[in-house]
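Peer 1: This is the content of my_file.cif (mmCIF, C-alpha atoms):
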```
data_start
#
loop_
_atom_site.label_atom_id
_atom_site.label_comp_id
_atom_site.auth_asym_id
_atom_site.auth_seq_id
_atom_site.Cartn_x
_atom_site.Cartn_y
_atom_site.Cartn_z
CA MET A 1 109.15 19.89 33.64
CA GLU A 2 108.06 16.39 33.70
CA VAL A 3 107.22 14.36 30.73
CA THR A 4 105.24 11.26 31.01
CA VAL A 5 107.16 8.76 29.06
CA PRO A 6 106.46 5.32 30.29
CA ASN A 7 109.64 3.36 30.52
CA GLN A 8 107.76 0.22 31.16
CA THR A 9 104.70 -1.17 29.45
CA THR A 10 101.85 -2.30 31.58
CA GLY A 11 101.56 -5.49 29.65
CA THR A 12 98.03 -4.67 28.61
CA THR A 13 96.53 -3.30 25.40
CA TRP A 14 93.75 -0.87 24.67
CA THR A 15 91.37 -3.77 24.63
CA GLY A 16 92.38 -4.48 28.17
CA GLY A 17 92.84 -8.03 27.09
CA GLY A 18 96.50 -8.49 27.88
CA ASP A 19 99.30 -8.33 25.34
CA LYS A 20 97.80 -11.23 23.47
CA PRO A 21 94.47 -10.13 22.06
CA PHE A 22 92.47 -13.13 20.89
CA ASN A 23 95.14 -15.18 22.58
CA ALA A 24 97.37 -14.69 19.54
CA SER A 25 100.65 -12.83 19.74
CA TYR A 26 100.96 -9.65 17.70
CA GLY A 27 103.45 -11.24 15.35
CA LYS A 28 101.14 -14.08 14.52
CA MET A 29 98.13 -11.82 14.20
CA MET A 30 99.92 -9.46 11.85
CA MET A 31 101.12 -12.38 9.78
CA TRP A 32 97.49 -13.45 9.46
CA PHE A 33 96.37 -9.98 8.47
CA PHE A 34 99.17 -9.75 5.93
CA LEU A 35 98.05 -13.08 4.53
CA ILE A 36 94.49 -11.76 4.24
CA SER A 37 95.68 -8.86 2.10
CA ASP A 38 97.86 -11.18 0.05
CA ALA A 39 94.95 -13.55 -0.42
CA LEU A 40 92.84 -10.67 -1.68
CA THR A 41 95.62 -9.74 -4.12
CA PHE A 42 95.62 -13.24 -5.54
CA ALA A 43 91.83 -13.21 -5.57
CA GLY A 44 92.04 -10.06 -7.69
CA PHE A 45 94.41 -11.72 -10.16
CA LEU A 46 92.43 -14.92 -10.41
CA GLY A 47 89.23 -12.90 -10.63
CA ALA A 48 90.68 -10.94 -13.54
CA TYR A 49 91.58 -14.24 -15.15
CA GLY A 50 87.97 -15.35 -14.63
CA LEU A 51 86.66 -12.14 -16.18
CA MET A 52 88.75 -12.55 -19.31
CA ARG A 53 87.99 -16.21 -19.54
CA PHE A 54 84.24 -15.68 -19.35
CA LYS A 55 84.57 -12.87 -21.84
CA HIS A 56 86.38 -15.13 -24.32
CA LEU A 57 84.60 -18.34 -23.40
CA GLU A 58 84.35 -19.46 -27.01
CA SER A 59 88.02 -19.10 -27.86
CA TRP A 60 90.00 -19.73 -24.67
CA PRO A 61 92.84 -22.28 -24.99
CA ILE A 62 92.17 -25.74 -23.54
CA ALA A 63 94.66 -26.39 -20.73
CA ASP A 64 94.93 -30.10 -21.51
CA GLU A 65 96.30 -29.24 -24.93
CA VAL A 66 98.82 -26.76 -23.55
CA PHE A 67 100.40 -28.39 -20.51
CA THR A 68 101.21 -31.87 -21.73
CA HIS A 69 104.86 -32.35 -20.97
CA VAL A 70 106.27 -34.88 -18.55
CA PRO A 71 110.01 -35.41 -18.06
CA PHE A 72 111.70 -38.44 -19.68
CA THR A 73 108.89 -39.02 -22.14
CA HIS A 74 107.64 -37.36 -25.28
CA GLN A 75 104.10 -38.54 -24.86
CA SER A 76 101.39 -36.00 -24.40
CA LEU A 77 100.26 -36.46 -20.79
CA PRO A 78 98.20 -33.62 -19.41
CA MET A 79 97.83 -33.11 -15.64
CA ILE A 80 100.52 -35.57 -14.56
CA TYR A 81 103.33 -33.10 -14.11
CA VAL A 82 101.28 -30.42 -12.40
CA ALA A 83 99.82 -33.07 -10.10
CA PHE A 84 103.38 -33.92 -9.13
CA MET A 85 104.09 -30.24 -8.43
CA THR A 86 100.97 -29.95 -6.28
CA PHE A 87 101.95 -33.06 -4.38
CA VAL A 88 105.45 -31.70 -3.72
CA LEU A 89 104.02 -28.48 -2.32
CA ILE A 90 101.48 -30.26 -0.13
CA PHE A 91 104.20 -32.53 1.19
CA SER A 92 106.47 -29.60 1.97
CA SER A 93 103.52 -28.16 3.89
CA VAL A 94 103.35 -31.36 5.90
CA THR A 95 107.04 -31.20 6.81
CA MET A 96 106.51 -27.57 7.80
CA VAL A 97 103.74 -28.55 10.23
CA PHE A 98 106.05 -31.19 11.64
CA ALA A 99 108.65 -28.46 12.21
CA VAL A 100 106.06 -26.33 14.04
CA ASP A 101 104.94 -29.38 15.99
CA ALA A 102 108.52 -30.18 17.01
CA GLY A 103 108.93 -26.52 17.97
CA HIS A 104 106.06 -26.80 20.42
CA GLN A 105 107.99 -29.59 22.10
CA MET A 106 111.23 -27.57 22.04
CA LYS A 107 113.06 -30.19 20.00
CA LYS A 108 115.66 -28.11 18.22
CA LYS A 109 117.18 -30.84 16.06
CA LYS A 110 113.83 -32.05 14.81
CA VAL A 111 112.73 -28.51 13.96
CA ALA A 112 115.90 -28.01 11.93
CA PHE A 113 115.49 -31.36 10.18
CA TYR A 114 111.92 -30.68 9.12
CA MET A 115 112.76 -27.15 8.04
CA VAL A 116 115.51 -28.50 5.80
CA LEU A 117 112.99 -30.90 4.23
CA THR A 118 110.55 -28.03 3.71
CA ILE A 119 113.21 -25.93 2.01
CA ILE A 120 114.16 -28.83 -0.26
CA GLY A 121 110.50 -29.31 -1.16
CA GLY A 122 110.22 -25.64 -2.01
CA ILE A 123 113.29 -25.77 -4.21
CA ILE A 124 111.96 -28.83 -6.06
CA PHE A 125 108.68 -27.01 -6.66
CA LEU A 126 110.43 -23.91 -7.94
CA GLY A 127 112.61 -25.99 -10.24
CA SER A 128 109.55 -27.78 -11.56
CA GLN A 129 107.88 -24.49 -12.25
CA ALA A 130 110.95 -23.29 -14.12
CA TRP A 131 110.75 -26.42 -16.27
CA GLU A 132 107.04 -25.81 -16.89
CA TRP A 133 107.82 -22.26 -17.98
CA LYS A 134 110.60 -23.50 -20.25
CA ASN A 135 108.20 -25.83 -22.04
CA PHE A 136 105.57 -23.14 -22.31
CA ILE A 137 108.05 -20.63 -23.73
CA GLN A 138 109.78 -23.02 -26.12
CA GLY A 139 106.49 -24.35 -27.34
CA ASP A 140 105.67 -27.65 -28.84
CA LYS A 141 104.04 -27.98 -32.22
CA GLY A 142 103.87 -24.41 -33.44
CA ALA A 143 101.10 -22.52 -35.16
CA ILE A 144 100.39 -19.76 -37.65
CA VAL A 145 99.21 -16.30 -36.69
CA LEU A 146 96.62 -14.85 -39.05
CA ASN A 147 96.20 -11.20 -39.87
CA SER A 148 93.23 -11.09 -37.51
CA GLY A 149 95.50 -12.14 -34.68
CA GLU A 150 93.88 -15.54 -34.52
CA ILE A 151 95.99 -18.68 -34.15
CA ALA A 152 95.71 -21.53 -36.63
CA GLN A 153 96.98 -24.94 -35.55
CA PHE A 154 97.42 -27.88 -37.90
CA VAL A 155 95.71 -31.21 -37.40
CA ASN A 156 95.91 -34.55 -39.16
CA LYS A 157 93.07 -36.82 -40.28
CA GLU A 158 92.44 -38.06 -36.73
CA GLY A 159 92.08 -34.51 -35.52
CA LYS A 160 95.37 -34.66 -33.60
CA GLN A 161 97.60 -31.62 -33.70
CA VAL A 162 100.77 -32.01 -35.74
CA SER A 163 103.95 -29.99 -35.46
CA LEU A 164 104.92 -27.53 -38.17
CA ALA A 165 108.29 -29.19 -38.62
CA SER A 166 106.66 -32.52 -39.46
CA PHE A 167 105.12 -31.29 -42.70
CA ALA A 168 106.84 -28.03 -43.67
CA SER A 169 108.68 -28.20 -46.98
CA VAL A 170 112.46 -28.25 -47.02
CA ALA A 171 114.04 -24.86 -47.06
CA HIS A 172 116.30 -23.61 -49.81
CA ASN A 173 116.78 -20.08 -48.69
CA GLN A 174 116.64 -20.35 -44.90
CA ARG A 175 117.89 -17.14 -43.38
CA ALA A 176 120.49 -17.35 -40.61
CA GLN A 177 119.78 -15.84 -37.23
CA HIS A 178 121.38 -12.44 -36.95
CA THR A 179 123.48 -12.20 -33.82
CA ARG A 180 125.37 -9.41 -32.19
CA SER A 181 128.69 -11.07 -32.76
CA ASN A 182 128.50 -11.07 -36.58
CA GLY A 183 127.01 -7.64 -37.22
CA ILE A 184 128.63 -4.27 -37.57
CA TRP A 185 125.77 -2.72 -35.66
CA PHE A 186 124.91 -4.09 -32.28
CA LYS A 187 121.42 -5.04 -33.18
CA LYS A 188 119.32 -7.83 -31.80
CA GLU A 189 116.45 -9.49 -33.56
CA ALA A 190 113.69 -11.79 -32.45
CA THR A 191 114.48 -15.49 -32.75
CA VAL A 192 114.01 -16.67 -36.32
CA PRO A 193 111.60 -19.63 -36.27
CA SER A 194 112.99 -22.96 -37.40
CA VAL A 195 110.49 -22.99 -40.26
CA THR A 196 109.36 -20.07 -42.36
CA LEU A 197 105.82 -19.14 -43.20
CA GLN A 198 106.36 -20.03 -46.85
CA GLN A 199 107.65 -23.48 -45.94
CA VAL A 200 104.60 -24.14 -43.79
CA LEU A 201 102.18 -22.98 -46.48
CA ASP A 202 103.96 -25.05 -49.15
CA GLY A 203 103.98 -28.05 -46.85
CA PHE A 204 100.27 -27.63 -46.23
CA LYS A 205 99.64 -27.65 -49.98
CA ASN A 206 101.64 -30.85 -50.37
CA HIS A 207 99.86 -32.68 -47.55
CA PRO A 208 96.20 -32.92 -48.51
CA GLU A 209 95.38 -34.93 -45.38
CA LEU A 210 96.04 -31.95 -43.12
CA SER A 211 93.55 -29.39 -41.95
CA VAL A 212 93.42 -26.46 -39.60
CA ARG A 213 91.73 -25.69 -36.33
CA THR A 214 91.35 -22.18 -35.02
CA GLN A 215 90.82 -20.87 -31.52
CA ARG A 216 87.07 -21.26 -31.80
CA ILE A 217 85.56 -23.83 -29.46
CA ASP A 218 82.48 -25.87 -30.24
CA LYS A 219 80.24 -25.42 -27.21
CA ALA A 220 78.59 -28.82 -27.50
CA THR A 221 81.79 -30.87 -27.46
CA LYS A 222 84.09 -28.36 -25.73
CA SER A 223 86.80 -28.99 -28.28
CA LYS A 224 88.25 -26.84 -31.01
CA VAL A 225 86.44 -26.62 -34.32
CA ILE A 226 88.34 -28.31 -37.17
CA LEU A 227 87.84 -26.59 -40.50
CA SER A 228 87.27 -28.33 -43.79
CA ARG A 229 90.22 -28.43 -46.16
CA SER A 230 88.81 -25.72 -48.43
CA ASP A 231 87.96 -23.42 -45.51
CA ALA A 232 91.43 -23.98 -44.14
CA THR A 233 93.05 -23.02 -47.43
CA LYS A 234 90.95 -19.88 -47.55
CA LEU A 235 91.87 -18.98 -43.98
CA LEU A 236 95.58 -19.53 -44.52
CA ALA A 237 95.57 -16.96 -47.30
CA SER A 238 95.65 -14.35 -44.55
CA SER A 239 98.62 -15.87 -42.70
CA LYS A 240 100.94 -13.41 -41.07
CA GLN A 241 103.71 -15.28 -39.30
CA VAL A 242 104.88 -18.52 -37.77
CA VAL A 243 104.81 -18.76 -33.99
CA ILE A 244 106.49 -21.48 -31.98
CA GLY A 245 106.27 -21.14 -28.23
CA ALA A 246 105.07 -18.22 -26.20
CA ASN A 247 105.96 -14.74 -25.10
CA LEU A 248 103.92 -11.85 -23.79
CA LYS A 249 102.89 -10.68 -27.27
CA VAL A 250 101.97 -13.89 -29.00
CA ASN A 251 101.78 -17.59 -28.29
CA GLU A 252 101.06 -20.73 -30.25
CA TYR A 253 98.32 -21.90 -27.88
CA GLY A 254 95.78 -19.23 -28.72
CA LYS A 255 94.84 -16.14 -26.79
CA THR A 256 97.70 -13.82 -25.91
CA LEU A 257 95.90 -13.08 -22.65
CA PHE A 258 96.13 -16.73 -21.68
CA GLY A 259 99.92 -16.59 -21.87
CA ASP A 260 100.05 -13.25 -20.09
CA PHE A 261 97.93 -14.47 -17.20
CA PHE A 262 99.93 -17.68 -17.01
CA PHE A 263 103.21 -15.81 -16.77
CA PHE A 264 101.87 -13.24 -14.36
CA ILE A 265 99.95 -15.39 -11.91
CA THR A 266 102.26 -18.41 -11.77
CA GLY A 267 105.18 -15.98 -11.77
CA PHE A 268 103.76 -14.05 -8.84
CA HIS A 269 103.09 -17.29 -7.02
CA GLY A 270 106.58 -18.55 -7.83
CA PHE A 271 107.98 -15.33 -6.41
CA HIS A 272 106.06 -16.07 -3.20
CA VAL A 273 107.56 -19.54 -3.10
CA PHE A 274 110.99 -18.04 -3.64
CA SER A 275 110.59 -15.56 -0.78
CA GLY A 276 109.12 -18.35 1.36
CA ILE A 277 112.26 -20.39 0.79
CA LEU A 278 114.43 -17.39 1.74
CA ILE A 279 112.41 -16.79 4.92
CA ASN A 280 112.63 -20.46 5.82
CA ILE A 281 116.39 -20.42 5.31
CA ILE A 282 116.74 -17.42 7.62
CA ILE A 283 114.54 -19.06 10.24
CA LEU A 284 116.46 -22.33 9.88
CA PHE A 285 119.68 -20.43 10.50
CA ASN A 286 118.17 -18.91 13.66
CA VAL A 287 117.03 -22.34 14.79
CA LEU A 288 120.51 -23.73 14.31
CA VAL A 289 122.24 -20.95 16.27
CA GLY A 290 119.72 -21.44 19.05
CA THR A 291 117.92 -18.11 18.95
CA TYR A 292 114.55 -19.65 19.70
CA GLU A 293 115.95 -22.06 22.23
CA LYS A 294 117.11 -19.01 24.20
CA ARG A 295 113.84 -17.20 23.61
CA GLY A 296 111.98 -20.09 25.06
CA HIS A 297 109.56 -20.64 22.21
CA TYR A 298 109.56 -21.42 18.50
CA GLU A 299 106.86 -19.01 17.46
CA MET A 300 108.90 -17.65 14.55
CA VAL A 301 108.80 -21.10 12.99
CA GLU A 302 105.03 -20.99 13.37
CA LYS A 303 104.85 -17.61 11.64
CA SER A 304 107.03 -18.57 8.70
CA GLY A 305 104.98 -21.78 8.62
CA LEU A 306 101.80 -19.72 8.20
CA TYR A 307 103.35 -18.02 5.19
CA TRP A 308 104.49 -21.32 3.74
CA HIS A 309 101.04 -22.90 4.09
CA PHE A 310 99.52 -19.84 2.50
CA VAL A 311 101.73 -20.35 -0.57
CA ASP A 312 100.44 -23.91 -0.74
CA LEU A 313 96.87 -22.66 -0.33
CA VAL A 314 97.23 -20.25 -3.23
CA TRP A 315 98.75 -22.94 -5.41
CA ILE A 316 95.78 -25.28 -5.06
CA PHE A 317 93.57 -22.46 -6.38
CA VAL A 318 95.97 -21.69 -9.24
CA PHE A 319 96.03 -25.41 -9.99
CA THR A 320 92.24 -25.53 -10.13
CA PHE A 321 91.69 -22.45 -12.25
CA PHE A 322 94.57 -22.88 -14.70
CA TYR A 323 94.79 -26.63 -15.12
CA LEU A 324 91.49 -28.20 -14.12
CA PHE A 325 88.86 -25.73 -15.31
CA MET B 1 103.03 -23.60 24.73
CA ALA B 2 106.07 -25.74 25.38
CA HIS B 3 105.89 -29.49 25.83
CA THR B 4 102.47 -29.85 24.35
CA GLN B 5 101.64 -33.19 22.90
CA SER B 6 102.48 -34.02 19.32
CA HIS B 7 99.81 -33.90 16.63
CA LYS B 8 101.55 -36.22 14.22
CA ALA B 9 98.64 -38.59 13.76
CA LEU B 10 96.30 -35.73 12.87
CA ILE B 11 98.85 -34.23 10.45
CA TRP B 12 99.26 -37.52 8.59
CA LYS B 13 95.50 -37.91 8.42
CA VAL B 14 95.11 -34.45 6.89
CA PHE B 15 97.93 -35.18 4.45
CA ILE B 16 96.22 -38.39 3.33
CA ILE B 17 92.92 -36.56 2.86
CA LEU B 18 94.63 -33.84 0.80
CA THR B 19 96.42 -36.41 -1.33
CA ILE B 20 93.23 -38.37 -2.01
CA ILE B 21 91.34 -35.21 -2.97
CA THR B 22 94.15 -34.16 -5.31
CA LEU B 23 94.19 -37.63 -6.89
CA VAL B 24 90.43 -37.51 -7.44
CA GLU B 25 90.80 -34.08 -9.06
CA VAL B 26 93.62 -35.26 -11.30
CA ILE B 27 91.77 -38.40 -12.40
CA LEU B 28 88.61 -36.42 -13.14
CA GLY B 29 90.78 -33.84 -14.91
CA ILE B 30 92.40 -36.46 -17.14
CA TYR B 31 89.28 -38.41 -18.07
CA LYS B 32 86.72 -35.59 -17.97
CA PRO B 33 83.61 -37.82 -17.88
CA GLU B 34 81.34 -36.48 -20.59
CA PRO B 35 78.06 -36.30 -18.64
CA LEU B 36 79.82 -34.09 -16.08
CA HIS B 37 81.97 -32.17 -18.52
CA LEU B 38 79.52 -31.31 -21.26
CA SER B 39 76.40 -30.47 -19.29
CA LYS B 40 75.75 -27.21 -17.57
CA VAL B 41 74.61 -26.41 -14.03
CA LEU B 42 74.46 -22.86 -12.66
CA GLY B 43 76.58 -21.29 -15.37
CA THR B 44 79.32 -23.88 -15.67
CA SER B 45 79.80 -27.63 -15.98
CA PRO B 46 79.13 -29.90 -12.99
CA LEU B 47 82.76 -31.01 -13.32
CA ASN B 48 83.92 -27.45 -12.63
CA TRP B 49 81.65 -27.28 -9.59
CA ILE B 50 83.16 -30.52 -8.31
CA PHE B 51 86.66 -29.10 -8.80
CA LEU B 52 85.71 -25.89 -7.03
CA ILE B 53 84.13 -27.66 -4.06
CA LEU B 54 87.04 -30.09 -3.70
CA THR B 55 89.46 -27.15 -3.82
CA LEU B 56 87.55 -25.38 -1.07
CA VAL B 57 87.60 -28.56 1.00
CA LYS B 58 91.38 -28.71 0.56
CA ALA B 59 91.66 -25.05 1.51
CA TYR B 60 89.62 -25.77 4.64
CA TYR B 61 91.92 -28.61 5.69
CA ILE B 62 95.06 -26.55 5.08
CA ALA B 63 93.76 -23.49 6.91
CA TRP B 64 92.17 -25.35 9.81
CA PHE B 65 94.81 -27.97 10.55
CA PHE B 66 98.08 -26.86 8.93
CA MET B 67 97.64 -23.18 9.70
CA HIS B 68 96.01 -24.06 13.00
CA LEU B 69 92.90 -21.97 12.64
CA SER B 70 91.05 -24.67 14.55
CA GLY B 71 93.10 -23.80 17.59
CA GLU B 72 92.55 -20.04 17.44
CA LYS B 73 89.89 -18.11 19.31
CA LYS B 74 86.54 -18.20 17.55
CA TRP B 75 86.38 -14.50 16.74
CA PHE B 76 89.97 -14.33 15.57
CA ARG B 77 89.18 -17.13 13.17
CA ARG B 78 86.05 -15.37 12.04
CA SER B 79 87.86 -12.06 11.52
CA ILE B 80 90.05 -13.90 9.00
CA VAL B 81 87.65 -16.29 7.33
CA TRP B 82 84.59 -14.06 7.10
CA THR B 83 86.61 -11.17 5.69
CA LEU B 84 88.08 -13.36 2.97
CA VAL B 85 84.85 -15.15 2.13
CA MET B 86 82.91 -11.90 1.91
CA PHE B 87 85.36 -9.97 -0.25
CA ILE B 88 86.32 -12.84 -2.53
CA LEU B 89 82.70 -13.80 -3.18
CA TYR B 90 81.88 -10.16 -3.87
CA LEU B 91 84.84 -9.63 -6.18
CA SER B 92 84.58 -12.86 -8.13
CA PHE B 93 80.81 -12.59 -8.52
CA TYR B 94 80.99 -9.19 -10.20
CA LEU B 95 84.08 -9.96 -12.27
CA ILE B 96 82.67 -13.18 -13.64
CA VAL B 97 79.20 -11.83 -14.31
CA GLU B 98 80.76 -8.85 -16.01
CA GLY B 99 83.06 -11.04 -18.09
CA GLY B 100 80.18 -13.17 -19.33
CA SER B 101 78.15 -10.07 -20.05
CA ILE B 102 80.89 -8.40 -22.09
CA GLY B 103 81.45 -11.60 -24.01
CA ARG B 104 77.76 -11.99 -24.88
CA THR B 105 77.31 -8.34 -25.76
CA PHE B 106 80.28 -8.11 -28.06
CA SER B 107 80.09 -11.48 -29.77
CA GLY B 108 78.61 -10.97 -33.20
CA VAL B 109 78.36 -7.21 -32.80
CA PHE B 110 81.95 -6.07 -32.51
CA GLU B 111 83.48 -9.39 -33.24
CA SER B 112 86.87 -7.99 -34.09
CA LEU B 113 87.08 -6.35 -30.68
CA THR B 114 86.70 -9.48 -28.65
CA THR B 115 87.10 -12.63 -30.64
CA PHE B 116 90.81 -12.67 -31.11
CA ASN B 117 93.57 -11.62 -28.83
#
```
Would it be possible to restate this file's structure as structure tokens?

Peer 2:
Amino acid sequence: MEVTVPNQTTGTTWTGGGDKPFNASYGKMMMWFFLISDALTFAGFLGAYGLMRFKHLESWPIADEVFTHVPFTHQSLPMIYVAFMTFVLIFSSVTMVFAVDAGHQMKKKKVAFYMVLTIIGGIIFLGSQAWEWKNFIQGDKGAIVLNSGEIAQFVNKEGKQVSLASFASVAHNQRAQHTRSNGIWFKKEATVPSVTLQQVLDGFKNHPELSVRTQRIDKATKSKVILSRSDATKLLASSKQVVIGANLKVNEYGKTLFGDFFFFITGFHGFHVFSGILINIIILFNVLVGTYEKRGHYEMVEKSGLYWHFVDLVWIFVFTFFYLF
Amino acid sequence: MAHTQSHKALIWKVFIILTIITLVEVILGIYKPEPLHLSKVLGTSPLNWIFLILTLVKAYYIAWFFMHLSGEKKWFRRSIVWTLVMFILYLSFYLIVEGGSIGRTFSGVFESLTTFN
């Protein structure tokens, strides 16, 4: 009984084109095909964002009013911080290409050096994103949620948004946050806002110069419609709660969906960056112990490089659709 | 593969191009020139079209020179790029047209369904 089990490959494939179809090794090719499927996943997410945005074109939050924080200053500076993040990621892409380039020349030390730089760039980006999330979650000026679910933000005479704390009346019966440590029952509660609804409404009454803007966007000027004082008073009669910051159920910027998409898409991208950093660390370790030196080529660096560039590629689209559009 | 020549000059050039494009995008994004921002061409503002085109140019530079697509065999490159272009155009076209359509249909009719959250 003979079985035909080849103990040696012929070095060719079913295409007859050698073991490198299209002149690309299998590893590289499969990395590319994985990236295609990943790109389509992101396209699905961003497409869903586009669908919802076109559906709610007249009430979608304006990115410039949401992402305004820059470290070491309290000024409202849209775009600057995210531009920095984009730059960091592009630069880490550059150091990654240098690592691949050095790999082609079999320069082990240079490969390791550039991979370290790439990893540092990735960590800076991830840290920046964490800071961006922190600002988004903690919120800035605060708003009121109406019974309809709509958000009402407060503006001064110049049409600039003002924070709730700046005009809310002083509290006399502020309730303390209930914590696990001081209760008989181990119950948690949602964070109590620093100002109560009643304080905000009283403060609004006492500040006749204030008015309200809702989510609605004036098509001609692409800015939010500011209501007249009497309309604002009427609208605030249906106030439901104070909201400062953002979570998945409600946020002070406007549409809940906007916050949900922000968390989901930048979170999914951030997870890619995180796994990219892990992969790069593993590859760096292999470089240092000389695995690829022995193997005779640095193709693994090239493959992890492909993944890293892909993460950069996705970010420039996220940057465009979330911050620029 | 081994001991090929270094492409450092090309890499720096691509990096400079990417940086300049990003800077242009950021400056346009901060100032939002009104004639570009408030008019409408083919369903959205000219500013958005500029952003989209610049982003695609950046994507081209990253894919071609950082991810080395320029050095791959022509049909390998096409199997990647054409697949993505075809499916993403298809998907985004229908999603966006559908989104606009739902928005227009519901606004005013079932306002409570669509207007807020």

Peer 1: So which residues touch Leu95 in chain B within 8 Å, counting only C-alpha atoms, skipping near sequence neighbours fewer than 6 positions away, as a ChimeraX atom specification?

Peer 2: /A:47-48,50-51

Peer 1: As a check of understanding, name the residues that the PyMOL selection byres ((chain A) within 7 of (chain B)) selects in the supplied structure, as a short mmCIF file (atom, residue, chain, number, x, y, z; two decimals) with C-alpha atoms, in the frame of the given file.

Peer 2:
```cif
data_model
loop_
_atom_site.label_atom_id
_atom_site.label_comp_id
_atom_site.auth_asym_id
_atom_site.auth_seq_id
_atom_site.Cartn_x
_atom_site.Cartn_y
_atom_site.Cartn_z
CA PHE A 22 92.47 -13.13 20.89
CA ASN A 23 95.14 -15.18 22.58
CA ILE A 36 94.49 -11.76 4.24
CA LEU A 40 92.84 -10.67 -1.68
CA ALA A 43 91.83 -13.21 -5.57
CA GLY A 47 89.23 -12.90 -10.63
CA ALA A 48 90.68 -10.94 -13.54
CA GLY A 50 87.97 -15.35 -14.63
CA LEU A 51 86.66 -12.14 -16.18
CA MET A 52 88.75 -12.55 -19.31
CA PHE A 54 84.24 -15.68 -19.35
CA LYS A 55 84.57 -12.87 -21.84
CA HIS A 56 86.38 -15.13 -24.32
CA PRO A 78 98.20 -33.62 -19.41
CA MET A 79 97.83 -33.11 -15.64
CA ALA A 83 99.82 -33.07 -10.10
CA VAL A 94 103.35 -31.36 5.90
CA VAL A 97 103.74 -28.55 10.23
CA ASP A 101 104.94 -29.38 15.99
CA HIS A 104 106.06 -26.80 20.42
CA GLN A 105 107.99 -29.59 22.10
CA MET A 106 111.23 -27.57 22.04
CA GLY A 149 95.50 -12.14 -34.68
CA GLU A 150 93.88 -15.54 -34.52
CA ALA A 220 78.59 -28.82 -27.50
CA THR A 221 81.79 -30.87 -27.46
CA LYS A 255 94.84 -16.14 -26.79
CA THR A 256 97.70 -13.82 -25.91
CA LEU A 257 95.90 -13.08 -22.65
CA HIS A 297 109.56 -20.64 22.21
CA LEU A 306 101.80 -19.72 8.20
CA HIS A 309 101.04 -22.90 4.09
CA LEU A 313 96.87 -22.66 -0.33
CA ILE A 316 95.78 -25.28 -5.06
CA PHE A 317 93.57 -22.46 -6.38
CA THR A 320 92.24 -25.53 -10.13
CA LEU A 324 91.49 -28.20 -14.12
CA PHE A 325 88.86 -25.73 -15.31
#
```

Peer 1: Would you pick out the contacts of Leu236 in chain A at 10 Å or less, using all atoms listed in the file, so that residues sharing its chain but fewer than 3 positions from it are not included, and give the list as a ChimeraX atom specification?

Peer 2: /A:144-147,152,201,204,212,230-233,239-240

Peer 1: Please compute the CA of Tyr307 in chain A-CA of Lys134 in chain A distance, one decimal, in Å.

Peer 2: 27.0 Å

Peer 1: Quick check on the file I pasted: which residues fall under the PyMOL selection byres ((chain A and resi 293) around 12)? Write them as a count of residues only.

Peer 2: 25

Peer 1: For the structure shown, which residues end up in the PyMOL selection byres ((chain A and resi 215) around 9)? Put them as a PDB file with C-alpha atoms, keeping the file's coordinate frame, please?

Peer 2:
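Result went into part_16.pdb, see below:
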```pdb
ATOM      1  CA  GLU A  58      84.350 -19.460 -27.010  1.00  0.00           C
ATOM      2  CA  SER A  59      88.020 -19.100 -27.860  1.00  0.00           C
ATOM      3  CA  TRP A  60      90.000 -19.730 -24.670  1.00  0.00           C
ATOM      4  CA  PRO A  61      92.840 -22.280 -24.990  1.00  0.00           C
ATOM      5  CA  GLU A 150      93.880 -15.540 -34.520  1.00  0.00           C
ATOM      6  CA  ILE A 151      95.990 -18.680 -34.150  1.00  0.00           C
ATOM      7  CA  ALA A 152      95.710 -21.530 -36.630  1.00  0.00           C
ATOM      8  CA  GLN A 153      96.980 -24.940 -35.550  1.00  0.00           C
ATOM      9  CA  ARG A 213      91.730 -25.690 -36.330  1.00  0.00           C
ATOM     10  CA  THR A 214      91.350 -22.180 -35.020  1.00  0.00           C
ATOM     11  CA  ARG A 216      87.070 -21.260 -31.800  1.00  0.00           C
ATOM     12  CA  ILE A 217      85.560 -23.830 -29.460  1.00  0.00           C
ATOM     13  CA  LYS A 224      88.250 -26.840 -31.010  1.00  0.00           C
ATOM     14  CA  VAL A 225      86.440 -26.620 -34.320  1.00  0.00           C
ATOM     15  CA  TYR A 253      98.320 -21.900 -27.880  1.00  0.00           C
ATOM     16  CA  GLY A 254      95.780 -19.230 -28.720  1.00  0.00           C
ATOM     17  CA  LYS A 255      94.840 -16.140 -26.790  1.00  0.00           C
TER      18      LYS A 255
ATOM     19  CA  PHE B 116      90.810 -12.670 -31.110  1.00  0.00           C
TER      20      PHE B 116
END
```

Peer 1: Between CA of Trp308 in chain A and CA of Gly276 in chain A, what distance in Å does the model show, to one decimal?

Peer 2: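 Interatomic distance here is 6.0 Å.
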
Peer 1: What separation in Å, quoted to one decimal, exists between CA of Phe274 in chain A and CA of Trp315 in chain A?

Peer 2: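 Calculated distance between CA of Phe274 in chain A and CA of Trp315 in chain A is 13.3 Å.
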
Peer 1: Residues at most 8 Å from Ile62 in chain A, counting all atoms listed in the file, excluding those fewer than 3 positions away in the same chain, as a list in words?

Peer 2: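 Within the cut-off, the hits are Glu65, Val66 and Ser223 of chain A.
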